[in-house]
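Worksheet: one structure, shown below.
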Amino acid sequence: MNLRRDLRHGLRIGRAEFVRSLRGYLGDTRRLVGLAFVVLFFGGSLLFALPAAYVLGRTARSVTAIPFFGPATTALPMVFLLLATVRTLERIGRIESEELVLTTVHPRAVVVGLITAEVGRLLLWFGIPVGAFVTVFALGLGTPMVLVTSGVVVLPIIVSSAVWGYACGISVLRVLRRLPGVRRVLRGIGILVILGFVVVSQFVGRQLVEGGEGVQGFASAITIGPLVEYVALAFAGTPLAQPTSIRSIAVVVTLLTLTPVGLAVATKQASAFWFAETPTRSGSRQVQTSTGGFTAPRPFAWSRAGRIAWGILVRARRHPQKLSHLVMALFFIGPIGTTVVQSSGDAIGPLVAGTGVGFGTYLAGAAFGLNPLGDDRPQLPLLLLTETSPRTVTRGRLIAGVAIGVPVAVLVPLASIGLRTPPLYALAFGVVGTGMCLAASMFAVGIGSAYPIYEEREFWGTESVVPSTLVMVAYLFVVGGGTALGLAVTWFGVTGNLSPTPVFSVGFGLYLLLTVGVSYGSYRYAVRRYRRYTVT
C-alpha cells in the first residue's frame, strides 16, 4: 500500500465528488430557486450580524473581551464532529458506482475522497457566511491578517473532526446493519434529541441575551482552556495576539497525530462495511407473503379511495423513513413550545388548543401530499394503467393525510379542556381544525405535484425519497400563515370580540375565497398531473 498514491487518488475522487455536487446544485432550475430562497431566508440574519461583527472588531481589546469566545471555540470541534457523523449516516456512507471504484483503488483512497468532498461542501455552505463575518471583523480590527491565520488555525480542527466523524458514522452504520431493529429506536431518539435541542436553544438564547451569573458560570465550566489558547493563535499579528503557550502547541500536536490515526480507523471501518455481506436471519429462500396488513378496516373499506389511503398509511408504518421530512417542523414548533411553557395559567389552554390545530393542519398535508408523484414512483407504471381514476388516487392520498391530521387537530383542543379551556372554545377549535386539515391536504398535493422529486437519498442507512426543500418551506409558510389567521378569527369570534363590520366581512370573505379556491384548484391540478403523466 502506497500512502502517497492513495492520497493522490483520494484527492481526485474528492474533486470529482465535489464537482458532481456543484453540478447538481447548479444544473437544476428547481434547486437554483431553492438555493435562492435559502439565501434570502438566511441572508437577512447575516446582514444584521455583519454590523455587529464590525463593531466587535472596533471595540475588542483582548480575546477575553469577545463575548463567549471560550464556549464557542470549545464547541467548535464537537459541532464539526457531530455534523460529520450525521452527514456520513445521511449521505456519504457509500460512494457512487462503488463496485467499480473499490476494484480500482484502495479503500483508503475512497475514504480520503469522500471526506475531502464533504469538507469542500461544508466549506461551501458554512465558509461563505463565516468568511463574511470574519472579513467584517477584520475590517473593524484594522488588519487583514485574521483572514489568513484563522484559516490556518481552524483547518486542522475541521480535518480531524471530519475524519473521526466519518469513522464514527461508519461504525454506527455497521451497528445498524447488524441490528436492524435498533434503527427505529435510534430514529425516535434522534427526533427527540433534535426537538430537545431546539427547545433548549430557545431558553439558552434568551438567557444569553439577558445575561446573569448562571450563564457566566456555565460558560466557564464548559470551556477547555488549551483549546481556547490554540484558537486564540488566529489573532497572531493583531492587537489581540497572545503569547504562544505550551498547551496550545500540545493541541496542535494532538490534532496532527489524531488525523492519521482517525484515517486508519475510518479506512478499517469502511472496508469492513463495504466488503462485508449483509447478514440474514435465515438461509432459506422462502417467499415472503403479506400478513394481511393491507386489509382496510372501516371506514377506509367503504370506498376505493379509502382503501388506497389505508395502503399509504400501512406503507408509512412499515417504512417510517418516508416521513423523515417531517423533522423540519421541529425547528418551528420549538419556539411555539417555549411560548406555551412560559405563558400564564389562563393562556396555556387556548395556546395548547391552537398549537394542536396548527400541528394537525401541518401533518394533514405534509405527511403524504408534498411529493405524491415521487412517492408513487416505484409503482407509477402499474398505477397509471389500472382502471382506478386519477381522481380516486389523489383522493386516497388526501384521506391518508386527513386521517393523521384531523385526530391531532381535534383531540388536542379537547384535551386542553383539562387546562381550563372552555368546552365551547375547544369544540370551535376542533371544528375549524378539521376544515383546515382538508384545505391543507388539498393544497399540498397540488404544490407537491408541481415539483416532484424522484431521486432517492440515503438517510440513516436507508434510502428514501423526500420532498423538495422549496416545496416544504413554501407549504409551511402558506399553511402556517393561513392557519394562524383562521385561529385568530376563531378566537375573537368565540370570545365575542369580533365585530361584523363591512371591512371585516370583505376581508374574511376574501380569506375564505382564497382558502377554498386555492385548495380546490391545487387538488384539480394534482388530478390533471396524474392524468397527463407519461412514463418514459
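Convention: chains lettered A, B, ... in C-alpha cells order; per-chain residue numbering from 1; ligands numbered from 1 as shown.
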
request  = Quick one: everything within 12 Å of Val153 in chain A, counting only C-alpha atoms, minus sequence neighbours fewer than 3 positions away in the same chain. Send it as a VMD selection string.
outcome  = chain A and resid 73 146 to 150 156 to 159 227 to 236 248 to 249 251 to 252 255 to 256

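Restricting the calculation to only C-alpha atoms, the smallest distance between Val402 in chain A and any of A:Trp310, A:Tyr475, A:Tyr25, A:Tyr454 is found for A:Trp310.
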
query = Looking at A:Ser161, A:Thr59, A:Thr355, A:Thr388, which one is nearest to Leu240 in chain A, with distances taken over only C-alpha atoms?
reply = A:Thr59

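Closest approach to Ser441 in chain A among A:Ala409, A:Val494, A:Leu487, A:Ser519: A:Ser519, based on only C-alpha atoms.
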
inquiry  = Run DSSP on the backbone and tell me which residues of range 446-510 of chain A come out as helix (DSSP H, G or I); list them as a ChimeraX atom specification.
reply    = /A:446-450,469-494,502-510

request  = Excluding range 127-133 of chain A and residues on its chain fewer than 5 positions from it, collect all residues at most 8 Å away from it, counting only C-alpha atoms, and give them as a ChimeraX atom specification.
outcome  = /A:46,49-50,53,122,147

Create the file for the chosen residues now, containing all heavy atoms and written as a PDB file, in the first residue's frame.
ATOM      1  N   LEU A  46     -27.690  37.319   8.348  1.00  0.00           N
ATOM      2  CA  LEU A  46     -26.287  37.668   8.150  1.00  0.00           C
ATOM      3  C   LEU A  46     -26.100  39.178   8.021  1.00  0.00           C
ATOM      4  O   LEU A  46     -25.119  39.731   8.531  1.00  0.00           O
ATOM      5  CB  LEU A  46     -25.760  36.959   6.901  1.00  0.00           C
ATOM      6  CG  LEU A  46     -24.272  37.167   6.581  1.00  0.00           C
ATOM      7  CD1 LEU A  46     -23.407  36.623   7.705  1.00  0.00           C
ATOM      8  CD2 LEU A  46     -23.923  36.483   5.265  1.00  0.00           C
ATOM      9  N   ALA A  49     -25.936  40.539  11.348  1.00  0.00           N
ATOM     10  CA  ALA A  49     -24.759  40.114  12.106  1.00  0.00           C
ATOM     11  C   ALA A  49     -23.501  40.851  11.666  1.00  0.00           C
ATOM     12  O   ALA A  49     -22.580  41.040  12.480  1.00  0.00           O
ATOM     13  CB  ALA A  49     -24.551  38.606  11.956  1.00  0.00           C
ATOM     14  N   LEU A  50     -23.419  41.244  10.409  1.00  0.00           N
ATOM     15  CA  LEU A  50     -22.199  41.890   9.915  1.00  0.00           C
ATOM     16  C   LEU A  50     -21.909  43.232  10.607  1.00  0.00           C
ATOM     17  O   LEU A  50     -20.750  43.476  10.988  1.00  0.00           O
ATOM     18  CB  LEU A  50     -22.297  42.082   8.397  1.00  0.00           C
ATOM     19  CG  LEU A  50     -22.287  40.792   7.571  1.00  0.00           C
ATOM     20  CD1 LEU A  50     -22.363  41.108   6.083  1.00  0.00           C
ATOM     21  CD2 LEU A  50     -21.048  39.964   7.871  1.00  0.00           C
ATOM     22  N   ALA A  53     -20.411  42.413  13.889  1.00  0.00           N
ATOM     23  CA  ALA A  53     -19.026  41.955  13.782  1.00  0.00           C
ATOM     24  C   ALA A  53     -18.063  43.130  13.616  1.00  0.00           C
ATOM     25  O   ALA A  53     -16.961  43.133  14.195  1.00  0.00           O
ATOM     26  CB  ALA A  53     -18.899  40.992  12.606  1.00  0.00           C
ATOM     27  N   LEU A 122     -18.992  21.415   3.053  1.00  0.00           N
ATOM     28  CA  LEU A 122     -19.228  22.147   4.289  1.00  0.00           C
ATOM     29  C   LEU A 122     -18.629  23.547   4.227  1.00  0.00           C
ATOM     30  O   LEU A 122     -19.232  24.517   4.702  1.00  0.00           O
ATOM     31  CB  LEU A 122     -18.652  21.371   5.475  1.00  0.00           C
ATOM     32  CG  LEU A 122     -19.345  20.052   5.815  1.00  0.00           C
ATOM     33  CD1 LEU A 122     -18.644  19.361   6.974  1.00  0.00           C
ATOM     34  CD2 LEU A 122     -20.811  20.270   6.156  1.00  0.00           C
ATOM     35  N   LEU A 147      -7.754  36.927   8.491  1.00  0.00           N
ATOM     36  CA  LEU A 147      -8.298  36.054   7.449  1.00  0.00           C
ATOM     37  C   LEU A 147      -7.362  34.873   7.164  1.00  0.00           C
ATOM     38  O   LEU A 147      -7.823  33.746   6.947  1.00  0.00           O
ATOM     39  CB  LEU A 147      -8.526  36.854   6.167  1.00  0.00           C
ATOM     40  CG  LEU A 147      -9.531  38.011   6.274  1.00  0.00           C
ATOM     41  CD1 LEU A 147      -9.582  38.781   4.962  1.00  0.00           C
ATOM     42  CD2 LEU A 147     -10.897  37.477   6.635  1.00  0.00           C
TER      43      LEU A 147
END

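Compared by their closest atoms to Gly120 in chain A, and using only C-alpha atoms, the residues A:Gly365, A:Gly14, A:Ala60, A:Leu102 rank with A:Gly14 nearest.
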
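Distance annotation: of A:Ala241, A:Thr85, A:Gly480, A:Val119, the residue with the minimal separation from Thr143 in chain A is A:Ala241; atom set is only C-alpha atoms.
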
message = Give me, as number ranges by chain, all polymer residues having an atom no more than 7 Å from Cys437 in chain A, counting only C-alpha atoms and skipping those fewer than 4 positions away in the same chain.
response = A: 360-361, 364, 402, 405-406, 433, 441
